[in-house]
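Novice: Provided herewith: upload-v6.csv, CSV, C-alpha atoms and all ligand atoms.
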```csv
chain,number,residue,atom,x,y,z
A,227,MET,CA,104.4,115.9,97.5
A,228,SER,CA,101.7,115.2,100.1
A,229,ILE,CA,99.5,112.1,99.6
A,230,ILE,CA,96.6,113.8,101.5
A,231,SER,CA,93.7,114.7,99.3
A,232,LYS,CA,89.9,115.4,99.5
A,233,ASP,CA,89.3,114.0,95.9
A,234,ILE,CA,86.8,111.2,96.2
A,235,ALA,CA,86.8,110.6,92.4
A,236,LYS,CA,90.6,109.9,92.7
A,237,ALA,CA,90.0,107.5,95.6
A,238,VAL,CA,87.4,105.7,93.5
A,239,GLN,CA,89.8,105.3,90.6
A,240,LEU,CA,92.6,104.0,92.7
A,241,LEU,CA,90.4,101.5,94.5
A,242,ASN,CA,88.9,100.3,91.1
A,243,ASP,CA,92.5,99.8,90.0
A,244,GLU,CA,93.1,97.5,93.0
A,245,HIS,CA,95.3,100.0,94.9
A,246,ILE,CA,94.8,100.7,98.6
A,247,VAL,CA,93.7,104.1,100.0
A,248,ALA,CA,93.5,105.3,103.6
A,249,ILE,CA,90.0,106.5,104.4
A,250,PRO,CA,88.4,108.5,107.2
A,251,THR,CA,85.8,107.0,109.5
A,252,GLU,CA,84.2,108.4,112.7
A,253,THR,CA,86.5,106.1,114.8
A,254,VAL,CA,90.0,106.0,113.3
A,255,TYR,CA,91.4,106.2,109.7
A,256,GLY,CA,91.3,102.8,107.9
A,257,LEU,CA,93.6,101.3,105.2
A,258,ALA,CA,91.1,100.3,102.6
A,259,GLY,CA,90.9,98.0,99.6
A,260,ASN,CA,88.4,96.1,97.5
A,261,ILE,CA,87.3,93.0,99.5
A,262,TYR,CA,87.4,90.9,96.3
A,263,SER,CA,90.8,92.0,95.1
A,264,GLU,CA,93.5,89.6,96.3
A,265,LYS,CA,96.1,92.1,95.2
A,266,ALA,CA,94.6,94.9,97.3
A,267,ILE,CA,94.0,92.8,100.4
A,268,THR,CA,97.5,91.3,100.3
A,269,SER,CA,98.8,94.8,100.0
A,270,ILE,CA,96.9,95.9,103.2
A,271,PHE,CA,98.5,93.1,105.2
A,272,GLU,CA,101.9,93.8,103.8
A,273,THR,CA,101.8,97.5,104.3
A,274,LYS,CA,100.7,97.1,108.0
A,275,LYS,CA,103.0,94.2,108.6
A,276,ARG,CA,100.0,92.5,110.0
A,277,PRO,CA,99.8,88.7,110.3
A,278,PHE,CA,97.4,87.1,107.8
A,279,PHE,CA,95.5,85.2,110.5
A,280,ASN,CA,94.2,88.5,111.9
A,281,PRO,CA,91.0,89.2,110.0
A,282,LEU,CA,89.8,92.6,108.5
A,283,ILE,CA,86.5,94.5,109.0
A,284,VAL,CA,84.3,94.8,105.9
A,285,HIS,CA,82.8,98.3,105.5
A,286,ILE,CA,79.4,98.6,103.7
A,287,SER,CA,77.3,101.7,102.9
A,288,SER,CA,74.0,100.6,104.4
A,289,ILE,CA,72.3,97.9,106.4
A,290,GLU,CA,70.6,96.7,103.1
A,291,GLN,CA,73.9,95.2,102.0
A,292,LEU,CA,74.3,93.1,105.1
A,293,PRO,CA,72.7,90.0,103.6
A,294,ASN,CA,75.3,90.1,100.8
A,295,ILE,CA,78.0,89.7,103.4
A,296,VAL,CA,76.6,87.4,106.1
A,297,ALA,CA,74.7,84.2,105.8
A,298,HIS,CA,72.6,84.5,109.0
A,299,ILE,CA,71.4,87.6,111.0
A,300,PRO,CA,70.4,86.8,114.6
A,301,GLN,CA,67.5,89.0,115.8
A,302,LYS,CA,69.7,90.9,118.3
A,303,ALA,CA,72.2,91.6,115.5
A,304,GLN,CA,69.4,93.1,113.4
A,305,LEU,CA,68.4,95.3,116.4
A,306,LEU,CA,71.9,96.5,117.0
A,307,ALA,CA,72.5,97.3,113.3
A,308,GLU,CA,69.2,99.2,113.2
A,309,ALA,CA,70.0,101.1,116.4
A,310,PHE,CA,73.6,102.0,115.7
A,311,TRP,CA,74.4,102.0,112.0
A,312,PRO,CA,75.9,104.1,110.5
A,313,GLY,CA,78.1,104.1,113.6
A,314,PRO,CA,80.9,102.5,115.6
A,315,ILE,CA,79.6,99.0,116.1
A,316,THR,CA,81.1,96.0,114.2
A,317,LEU,CA,79.1,92.8,114.1
A,318,VAL,CA,80.9,89.4,113.7
A,319,LEU,CA,78.5,87.0,111.9
A,320,LYS,CA,78.6,83.8,109.9
A,321,LYS,CA,80.0,84.8,106.5
A,322,GLN,CA,78.6,84.3,103.0
A,323,ASN,CA,80.6,81.8,100.9
A,324,THR,CA,81.5,84.7,98.6
A,325,ILE,CA,83.6,86.5,101.2
A,326,PRO,CA,87.2,85.6,100.6
A,327,ASP,CA,89.2,83.7,103.2
A,328,LEU,CA,91.9,86.3,103.0
A,329,ILE,CA,89.5,88.8,104.7
A,330,THR,CA,88.4,86.5,107.5
A,331,GLY,CA,91.8,84.8,108.3
A,332,GLY,CA,90.2,81.5,107.2
A,333,LYS,CA,87.4,81.8,109.8
A,334,ASP,CA,83.8,81.1,108.9
A,335,THR,CA,82.7,84.5,110.4
A,336,VAL,CA,83.1,88.0,109.0
A,337,ALA,CA,83.3,91.4,110.8
A,338,VAL,CA,81.1,94.1,109.2
A,339,ARG,CA,80.0,97.7,109.9
A,340,VAL,CA,78.6,100.8,108.3
A,341,PRO,CA,80.9,103.7,109.2
A,342,ASN,CA,79.4,107.0,110.1
A,343,HIS,CA,81.5,109.4,108.0
A,344,PRO,CA,80.0,111.4,105.1
A,345,THR,CA,83.1,111.2,102.9
A,346,THR,CA,83.5,107.4,103.2
A,347,LEU,CA,79.7,106.8,102.9
A,348,GLU,CA,79.9,108.7,99.6
A,349,LEU,CA,83.0,106.8,98.5
A,350,LEU,CA,81.3,103.5,99.3
A,351,LYS,CA,78.2,104.5,97.3
A,352,GLN,CA,80.4,105.2,94.2
A,353,LEU,CA,82.1,101.7,94.4
A,354,ASP,CA,80.7,98.4,93.2
A,355,PHE,CA,82.3,96.5,96.1
A,356,PRO,CA,82.7,96.8,100.0
A,357,LEU,CA,85.9,97.9,101.5
A,358,ALA,CA,88.1,95.9,103.9
A,359,ALA,CA,89.8,98.3,106.2
A,360,PRO,CA,91.9,97.7,109.3
A,361,SER,CA,93.1,100.8,111.2
A,362,ALA,CA,95.8,102.6,109.2
A,363,ASN,CA,98.7,102.1,111.5
A,364,PRO,CA,101.7,99.7,111.4
A,365,PHE,CA,100.8,96.5,113.4
A,366,SER,CA,100.5,97.2,117.1
A,367,SER,CA,101.2,100.9,117.0
A,368,ILE,CA,98.8,103.8,117.8
A,369,SER,CA,95.8,104.1,115.5
A,370,PRO,CA,95.6,107.3,113.4
A,371,THR,CA,92.9,109.9,114.0
A,372,THR,CA,94.0,112.5,111.4
A,373,ALA,CA,95.1,112.3,107.7
A,374,ALA,CA,98.5,113.6,108.9
A,375,HIS,CA,99.0,110.7,111.3
A,376,VAL,CA,98.5,108.3,108.4
A,377,GLU,CA,100.8,110.2,106.1
A,378,THR,CA,103.5,110.1,108.8
A,379,TYR,CA,103.1,106.3,109.0
A,380,PHE,CA,102.7,105.4,105.3
A,381,LYS,CA,103.8,108.2,103.0
A,382,ASP,CA,106.3,106.0,101.2
A,383,ASP,CA,103.9,103.0,101.0
A,384,ILE,CA,100.5,104.2,99.7
A,385,LYS,CA,99.3,106.6,97.0
A,386,MET,CA,96.5,108.5,98.9
A,387,VAL,CA,94.9,109.4,102.2
A,388,LEU,CA,91.4,110.6,101.6
A,389,ASP,CA,91.1,113.5,104.0
A,390,GLY,CA,87.9,113.6,106.1
A,391,GLY,CA,89.2,115.8,108.9
A,392,PRO,CA,90.0,114.6,112.4
A,393,CYS,CA,88.0,111.5,113.6
A,394,THR,CA,85.1,112.6,115.8
A,395,ASN,CA,85.0,109.5,118.1
A,396,GLY,CA,88.7,108.7,118.1
A,397,ILE,CA,88.8,105.1,119.3
A,398,GLU,CA,87.9,102.0,117.3
A,399,SER,CA,84.4,100.5,116.9
A,400,THR,CA,83.0,98.2,119.5
A,401,ILE,CA,83.1,94.6,118.2
A,402,ILE,CA,80.2,92.3,118.9
A,403,GLY,CA,80.2,88.6,118.1
A,404,PHE,CA,77.4,86.0,118.5
A,405,GLU,CA,77.4,82.7,120.2
A,406,ASN,CA,74.1,80.7,119.8
A,407,ASP,CA,72.6,84.0,118.5
A,408,ASP,CA,73.5,85.8,121.7
A,409,PRO,CA,75.7,88.9,121.5
A,410,ILE,CA,79.1,89.0,123.2
A,411,ILE,CA,81.5,92.0,123.3
A,412,TYR,CA,84.8,91.0,121.7
A,413,ARG,CA,86.3,94.5,121.8
A,414,LEU,CA,85.2,97.5,123.9
A,415,GLY,CA,85.1,100.6,121.7
A,416,SER,CA,83.4,103.8,120.6
A,417,THR,CA,79.9,102.7,121.5
A,418,ALA,CA,79.5,102.6,125.3
A,419,LEU,CA,78.6,99.2,126.8
A,420,GLU,CA,75.6,100.8,128.6
A,421,ASP,CA,74.2,102.0,125.2
A,422,ILE,CA,74.4,98.5,123.8
A,423,GLU,CA,72.8,97.0,126.9
A,424,ALA,CA,69.9,99.4,126.5
A,425,VAL,CA,69.1,97.7,123.2
A,426,VAL,CA,69.9,94.0,123.8
A,427,GLY,CA,70.0,93.6,127.6
A,428,LYS,CA,72.9,92.5,129.7
A,429,ILE,CA,75.9,91.4,127.6
A,430,GLU,CA,79.0,89.4,128.4
A,431,ILE,CA,82.4,90.8,127.7
A,432,LYS,CA,85.1,88.5,126.3
A,433,ASN,CA,87.7,91.2,125.9
A,434,THR,CA,91.4,90.6,126.6
A,435,VAL,CA,93.1,92.0,129.7
A,436,LYS,CA,96.7,92.2,130.6
A,437,GLY,CA,98.5,88.9,130.1
A,438,GLU,CA,95.5,87.0,129.0
A,439,THR,CA,95.9,87.1,125.2
A,440,LYS,CA,95.8,83.3,125.0
A,441,ASP,CA,92.2,83.3,126.4
A,442,ILE,CA,90.8,85.2,123.5
A,443,PRO,CA,90.5,83.3,120.3
A,444,ASN,CA,87.5,85.5,119.4
A,445,ALA,CA,89.1,88.7,118.1
A,446,PRO,CA,92.6,87.7,117.1
A,447,GLY,CA,93.7,91.3,116.9
A,448,MET,CA,93.2,91.9,120.6
A,449,LEU,CA,96.8,91.5,121.6
A,450,ALA,CA,97.7,92.5,125.2
A,451,ARG,CA,100.2,95.0,123.8
A,452,HIS,CA,98.6,97.3,121.2
A,453,TYR,CA,98.1,101.0,120.6
A,454,ALA,CA,101.5,101.5,122.2
A,455,PRO,CA,103.7,104.6,122.1
A,456,SER,CA,107.5,103.8,121.8
A,457,THR,CA,108.1,105.7,125.1
A,458,LYS,CA,107.6,103.5,128.2
A,459,THR,CA,104.0,104.2,129.4
A,460,ILE,CA,102.4,103.4,132.7
A,461,LEU,CA,98.7,103.6,133.8
A,462,SER,CA,98.1,104.9,137.3
A,463,ASN,CA,95.2,105.4,139.7
A,464,ASN,CA,97.2,108.0,141.6
A,465,ILE,CA,99.3,110.3,139.3
A,466,LEU,CA,101.0,112.3,142.1
A,467,GLU,CA,102.3,109.1,143.8
A,468,ALA,CA,103.4,107.7,140.4
A,469,ILE,CA,105.4,110.9,139.6
A,470,GLU,CA,107.2,110.6,142.9
A,471,ARG,CA,108.4,107.1,142.0
A,472,TYR,CA,110.4,108.5,139.1
A,473,PRO,CA,112.6,111.3,140.5
A,474,SER,CA,115.1,112.8,138.0
A,475,LYS,CA,113.2,111.3,135.0
A,476,ARG,CA,111.8,113.2,132.1
A,477,ILE,CA,108.1,112.6,132.8
A,478,GLY,CA,105.0,113.5,130.6
A,479,VAL,CA,101.5,112.9,132.0
A,480,LEU,CA,98.2,112.3,130.3
A,481,VAL,CA,95.2,113.1,132.6
A,482,PHE,CA,91.4,113.1,132.2
A,483,LYS,CA,90.3,116.5,133.5
A,484,THR,CA,92.4,118.0,136.3
A,485,GLU,CA,95.8,119.6,135.6
A,486,ILE,CA,98.7,118.3,137.7
A,487,GLU,CA,100.7,121.0,139.6
A,488,ASP,CA,104.2,119.8,139.4
A,489,ASP,CA,107.2,121.9,138.1
A,490,ASN,CA,109.2,118.8,137.4
A,491,LEU,CA,106.9,117.6,134.6
A,492,LYS,CA,108.3,118.0,131.1
A,493,THR,CA,104.8,118.1,129.6
A,494,GLN,CA,101.2,117.3,130.3
A,495,ILE,CA,98.0,116.9,128.3
A,496,VAL,CA,94.6,117.3,129.9
A,497,LEU,CA,92.1,115.3,127.7
A,498,SER,CA,88.9,117.2,128.7
A,499,LYS,CA,88.8,120.1,131.1
A,500,THR,CA,85.0,119.7,131.4
A,501,GLY,CA,85.2,115.9,132.2
A,502,ASP,CA,83.6,114.9,128.9
A,503,LEU,CA,84.5,111.3,128.1
A,504,ALA,CA,83.6,111.6,124.4
A,505,GLU,CA,86.0,114.6,124.1
A,506,ALA,CA,88.7,112.6,126.0
A,507,ALA,CA,88.2,109.6,123.7
A,508,SER,CA,88.5,111.8,120.6
A,509,LYS,CA,91.8,113.2,121.7
A,510,LEU,CA,93.4,110.1,123.2
A,511,TYR,CA,95.5,108.7,120.3
A,512,ASP,CA,96.6,112.1,119.1
A,513,SER,CA,97.7,112.9,122.6
A,514,LEU,CA,99.7,109.7,123.0
A,515,LEU,CA,101.3,110.4,119.6
A,516,GLN,CA,102.2,113.9,120.7
A,517,LEU,CA,103.7,112.8,124.0
A,518,ASP,CA,105.7,110.2,122.1
A,519,GLN,CA,107.5,113.1,120.3
A,520,HIS,CA,108.9,114.7,123.5
A,521,GLN,CA,111.9,112.4,124.2
A,522,LEU,CA,110.5,111.5,127.6
A,523,ASP,CA,111.7,108.7,129.8
A,524,ILE,CA,108.2,107.9,130.8
A,525,ILE,CA,104.6,108.7,130.1
A,526,ILE,CA,102.2,108.4,133.1
A,527,ALA,CA,98.5,108.1,132.1
A,528,GLU,CA,95.7,108.5,134.5
A,529,ARG,CA,93.1,105.6,134.8
A,530,PHE,CA,89.6,106.7,133.8
A,531,PRO,CA,86.3,106.2,135.7
A,532,ASP,CA,85.3,102.6,134.8
A,533,SER,CA,81.9,103.4,133.1
A,534,GLY,CA,80.6,104.6,129.8
A,535,LEU,CA,83.4,105.4,127.3
A,536,GLY,CA,85.8,105.5,130.3
A,537,LYS,CA,85.8,101.7,130.2
A,538,SER,CA,86.8,101.7,126.6
A,539,ILE,CA,89.5,104.3,127.2
A,540,ASN,CA,90.9,102.2,130.1
A,541,ASP,CA,91.0,99.2,127.8
A,542,ARG,CA,93.2,101.1,125.2
A,543,LEU,CA,95.4,102.7,127.9
A,544,GLN,CA,95.9,99.2,129.4
A,545,ARG,CA,97.1,97.9,126.1
A,546,ALA,CA,99.3,100.9,125.5
A,547,THR,CA,101.0,100.2,128.8
A,548,VAL,CA,101.6,96.5,129.0
A,549,ASP,CA,105.3,95.6,129.5
A,550,ALA,CA,106.1,93.3,126.6
A,601,LIG,O1,86.7,101.4,114.2
A,601,LIG,C1,87.1,100.4,113.6
A,601,LIG,O2,86.7,99.3,113.8
A,601,LIG,C2,88.3,100.6,112.6
A,601,LIG,C3,87.8,101.4,111.4
A,601,LIG,C4,88.8,101.6,110.3
A,601,LIG,O3,86.6,100.8,110.9
A,601,LIG,N1,88.8,99.4,112.2
A,601,LIG,C5,89.6,98.6,113.0
A,601,LIG,O4,90.1,97.5,112.3
A,601,LIG,O5,89.8,98.9,114.1
A,601,LIG,P1,91.3,96.6,112.9
A,601,LIG,O6,91.6,95.7,111.8
A,601,LIG,O7,92.4,97.5,113.5
A,601,LIG,O8,90.6,95.8,114.1
A,601,LIG,C6,89.7,94.8,113.7
A,601,LIG,C7,89.5,93.8,114.8
A,601,LIG,C8,90.8,92.9,115.0
A,601,LIG,O9,91.0,92.8,116.4
A,601,LIG,C9,90.3,91.6,114.4
A,601,LIG,O10,91.0,90.5,115.0
A,601,LIG,C10,88.8,91.6,114.7
A,601,LIG,O11,88.4,92.9,114.4
A,601,LIG,N2,88.1,90.8,113.7
A,601,LIG,C11,87.9,90.9,112.4
A,601,LIG,N3,87.2,89.9,111.9
A,601,LIG,C12,86.9,89.1,112.9
A,601,LIG,C13,86.2,87.8,113.0
A,601,LIG,N4,85.7,87.2,111.9
A,601,LIG,N5,86.1,87.3,114.2
A,601,LIG,C14,86.6,87.9,115.3
A,601,LIG,N6,87.3,89.0,115.3
A,601,LIG,C15,87.5,89.6,114.1
A,602,MG,MG,93.8,98.2,114.6
```
Mind turning this structure into structure tokens?
Specialist:
Amino acid sequence: MSIISKDIAKAVQLLNDEHIVAIPTETVYGLAGNIYSEKAITSIFETKKRPFFNPLIVHISSIEQLPNIVAHIPQKAQLLAEAFWPGPITLVLKKQNTIPDLITGGKDTVAVRVPNHPTTLELLKQLDFPLAAPSANPFSSISPTTAAHVETYFKDDIKMVLDGGPCTNGIESTIIGFENDDPIIYRLGSTALEDIEAVVGKIEIKNTVKGETKDIPNAPGMLARHYAPSTKTILSNNILEAIERYPSKRIGVLVFKTEIEDDNLKTQIVLSKTGDLAEAASKLYDSLLQLDQHQLDIIIAERFPDSGLGKSINDRLQRATVDA
């Protein structure tokens, strides 16, 4: 029997009983549990096979709850929350003493956001506690953007996926930490850098890039290899040239807007024929998962323009293609 259901009351019951439930958000599906239940939170880590030092994001239903979670709200954090919540921005702030160490990996900061999804906002309103939720994928594999993706990963491990349809944004939230009350980007994501800078001014990025994992103690989850298909995947500025380097291989390509004319390709996915970065982002993970089903020797992904959401998409493609 399918574990996918639209029954919010059933999700409420399971979560009250300290079980974990996969929930929809505008970015990706999350694997959720009561932040105060040691049983539920332990189960999240075990189900994902995620190391305990890698902290979880706390999901709340409105900005009014923020003071219950964090001990100090810098002015620019308040501005960002007001500008973007509900929405795909996560703020990392000094935690309240009541937030369990299990959530924060022992850190004195906590990551928090208000997700912009009607089903999950309704769910949160019916619960007496916030939900901790990492993306609902096994550690380091591609994040799920449909209820069916989650079911494929975890049908034997969890009781329910709350179905909220395909995620509209399709890549994870942008994570912003604070150092001396100044915002710093810890993870590029679904809110474009330019939109954030329009609210708080020029902002530094301390994101990982290839091979530099050890330089980023800030967001422990930002491993160089992440979001990775099991098929070897490379990122290229010049798709035609890259294809020529692999004669007699079974090649699949993932391109932004322009179809590649080449009879030797086994398959190709065009992310947005109109060149719309938001559409491309929303289809990115599903497309990688689809390409991974084709028994290819190699997936060649096209590098995106390095602005707006293109920057966030490139970040994910880079992590999907690191040799490790
Ligand atoms: O869009 C999203 O953010 C999704 C949905 C479900 O909300 N969630 C998500 O969670 O992407 P996860 O666990 O896959 O990624 C959370 C990231 C990890 O890289 C983690 O290391 C970082 O947030 N993080 C969490 N708490 C932190 C903290 N206190 N300090 C620094 N980084 C933190
Ligand atoms: Mg994740």
Novice: Calculate how many Å separate CA of Asn433 (chain A) from atom C5 of ligand LIG 601 (chain A), rounding to one decimal.
Specialist: 15.0 Å
Novice: Have a look at CA of Pro360 (chain A) and CA of Ile283 (chain A) and let me know their distance in Å, one decimal.
Specialist: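 These two atoms are separated by 6.3 Å.
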Novice: For the atom pair CA of Ser513 (chain A) and atom P1 of ligand LIG 601 (chain A), what is the interatomic distance in Å to one decimal place?
Specialist: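 Separating CA of Ser513 (chain A) from atom P1 of ligand LIG 601 (chain A) is a distance of 20.0 Å.
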Novice: Pick out the residues sitting within 7 Å of region 365-371 of chain A, and hand them over as a PyMOL selection string; count all atoms listed in the file, and ignore anything fewer than 4 positions along from it in its own chain.
Specialist: chain A and resi 254-255+274-276+361+375-376+392-393+396+452-455+511-512
Novice: Write out as an MDAnalysis selection string the residues lying within 10 Å of region 287-302 of chain A, counting all atoms listed in the file and excluding same-chain residues fewer than 4 positions away.
Specialist: chainID A and resid 306:308 311:312 317:325 334:342 346:353 355:357 404:409 425:427
Novice: Could you list, as a PyMOL selection string, all the residues within 8 Å of ligand LIG 601 (chain A), counting all atoms listed in the file?
Specialist: chain A and resi 249-257+280-283+285+314-316+318-319+329-331+333-339+341+359-362+369+397-401+403+412-413+415-416+443-449
Novice: Do you know which residues lie at most 9 Å from (78.4, 87.1, 127.7), with coordinates as in the file and only C-alpha atoms counted, and could you write them as a ChimeraX atom specification?
Specialist: /A:405,408-411,428-432
Novice: Can you tell me, as a ChimeraX atom specification, which residues sit within 6 Å of (95.3, 106.4, 134.2) in the file's frame, using all atoms listed in the file?
Specialist: /A:461-463,527-530
Novice: Excluding Ile230 (chain A) and its own-chain neighbours fewer than 2 positions away, which residues fall within 10 Å of it when counting only C-alpha atoms? Please give them as a ChimeraX atom specification.
Specialist: /A:227-228,232-233,248,373-374,376-377,381,385-390
Novice: Return the single residue from A:Phe271, A:Arg476, A:Gly313, A:Glu487 that is closest to ligand MG 602 (chain A), with distances computed using all atoms listed in the file.
Specialist: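 Ranking A:Phe271, A:Arg476, A:Gly313, A:Glu487 by distance to ligand MG 602 (chain A), first place goes to A:Phe271.
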Novice: For Leu517 (chain A), please output as a compact mmCIF listing (two decimals) with C-alpha atoms, in the frame of the given file all residues within 12 Å (counting only C-alpha atoms; exclusion window: fewer than 5 positions along the same chain).
Specialist:
```txt
# COMPACT_ATOMS: atom_id res chain seq x y z
CA ILE A 368 98.80 103.80 117.80
CA ALA A 454 101.50 101.50 122.20
CA PRO A 455 103.70 104.60 122.10
CA SER A 456 107.50 103.80 121.80
CA THR A 457 108.10 105.70 125.10
CA LYS A 458 107.60 103.50 128.20
CA THR A 459 104.00 104.20 129.40
CA ARG A 476 111.80 113.20 132.10
CA ILE A 477 108.10 112.60 132.80
CA GLY A 478 105.00 113.50 130.60
CA VAL A 479 101.50 112.90 132.00
CA LEU A 480 98.20 112.30 130.30
CA LYS A 492 108.30 118.00 131.10
CA THR A 493 104.80 118.10 129.60
CA GLN A 494 101.20 117.30 130.30
CA ILE A 495 98.00 116.90 128.30
CA VAL A 496 94.60 117.30 129.90
CA LEU A 510 93.40 110.10 123.20
CA TYR A 511 95.50 108.70 120.30
CA ASP A 512 96.60 112.10 119.10
CA LEU A 522 110.50 111.50 127.60
CA ASP A 523 111.70 108.70 129.80
CA ILE A 524 108.20 107.90 130.80
CA ILE A 525 104.60 108.70 130.10
CA ILE A 526 102.20 108.40 133.10
CA ALA A 527 98.50 108.10 132.10
```
Novice: Please determine, counting all atoms listed in the file, which residue among A:Leu515, A:Pro364, A:His245, A:Val284 has the shortest atom-to-atom distance to ligand MG 602 (chain A).
Specialist: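 Using all atoms listed in the file, ligand MG 602 (chain A) sits closest to A:Pro364.
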Novice: Ranking A:Ser474, A:Asn363, A:Asn464, A:Thr394 by minimum distance to ligand MG 602 (chain A) and counting all atoms listed in the file, which one comes first?
Specialist: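 Closest to ligand MG 602 (chain A), using all atoms listed in the file: A:Asn363.
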Novice: Compare A:Gln521, A:Ser231, A:Thr417, A:Asn395 by their minimum atom-to-atom distance to Ser508 (chain A), counting all atoms listed in the file, and give me the closest one.
Specialist: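 So, comparing all the options, the nearest one is A:Asn395.
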Novice: Please produce region 342-354 of chain A, completed to N, CA, C and O atoms, as an mmCIF file, in the frame of the given file.
Specialist:
```cif
data_model
loop_
_atom_site.group_PDB
_atom_site.id
_atom_site.type_symbol
_atom_site.label_atom_id
_atom_site.label_comp_id
_atom_site.auth_asym_id
_atom_site.auth_seq_id
_atom_site.Cartn_x
_atom_site.Cartn_y
_atom_site.Cartn_z
ATOM 1 N N ASN A 342 80.186 105.797 110.098
ATOM 2 C CA ASN A 342 79.400 107.000 110.100
ATOM 3 C C ASN A 342 80.280 108.231 109.731
ATOM 4 O O ASN A 342 80.621 109.055 110.571
ATOM 5 N N HIS A 343 80.677 108.263 108.459
ATOM 6 C CA HIS A 343 81.500 109.400 108.000
ATOM 7 C C HIS A 343 80.999 109.777 106.588
ATOM 8 O O HIS A 343 81.004 108.928 105.695
ATOM 9 N N PRO A 344 80.584 111.038 106.379
ATOM 10 C CA PRO A 344 80.000 111.400 105.100
ATOM 11 C C PRO A 344 80.884 111.124 103.894
ATOM 12 O O PRO A 344 80.411 110.652 102.852
ATOM 13 N N THR A 345 82.177 111.394 104.022
ATOM 14 C CA THR A 345 83.100 111.200 102.900
ATOM 15 C C THR A 345 83.168 109.720 102.512
ATOM 16 O O THR A 345 83.080 109.355 101.332
ATOM 17 N N THR A 346 83.310 108.869 103.524
ATOM 18 C CA THR A 346 83.500 107.400 103.200
ATOM 19 C C THR A 346 82.154 106.800 102.826
ATOM 20 O O THR A 346 82.136 105.902 101.976
ATOM 21 N N LEU A 347 81.024 107.286 103.351
ATOM 22 C CA LEU A 347 79.700 106.800 102.900
ATOM 23 C C LEU A 347 79.547 107.127 101.400
ATOM 24 O O LEU A 347 79.091 106.304 100.601
ATOM 25 N N GLU A 348 79.942 108.342 101.012
ATOM 26 C CA GLU A 348 79.900 108.700 99.600
ATOM 27 C C GLU A 348 80.781 107.878 98.743
ATOM 28 O O GLU A 348 80.405 107.398 97.672
ATOM 29 N N LEU A 349 81.991 107.661 99.236
ATOM 30 C CA LEU A 349 83.000 106.800 98.500
ATOM 31 C C LEU A 349 82.365 105.409 98.304
ATOM 32 O O LEU A 349 82.382 104.875 97.185
ATOM 33 N N LEU A 350 81.825 104.813 99.378
ATOM 34 C CA LEU A 350 81.300 103.500 99.300
ATOM 35 C C LEU A 350 80.126 103.411 98.270
ATOM 36 O O LEU A 350 79.978 102.436 97.534
ATOM 37 N N LYS A 351 79.322 104.474 98.231
ATOM 38 C CA LYS A 351 78.200 104.500 97.300
ATOM 39 C C LYS A 351 78.681 104.512 95.831
ATOM 40 O O LYS A 351 78.013 104.026 94.939
ATOM 41 N N GLN A 352 79.882 105.088 95.619
ATOM 42 C CA GLN A 352 80.400 105.200 94.200
ATOM 43 C C GLN A 352 81.176 103.913 93.816
ATOM 44 O O GLN A 352 81.645 103.830 92.696
ATOM 45 N N LEU A 353 81.327 102.957 94.733
ATOM 46 C CA LEU A 353 82.100 101.700 94.400
ATOM 47 C C LEU A 353 81.100 100.557 94.238
ATOM 48 O O LEU A 353 80.028 100.537 94.840
ATOM 49 N N ASP A 354 81.522 99.573 93.442
ATOM 50 C CA ASP A 354 80.700 98.400 93.200
ATOM 51 C C ASP A 354 81.030 97.269 94.226
ATOM 52 O O ASP A 354 80.554 96.149 94.085
#
```
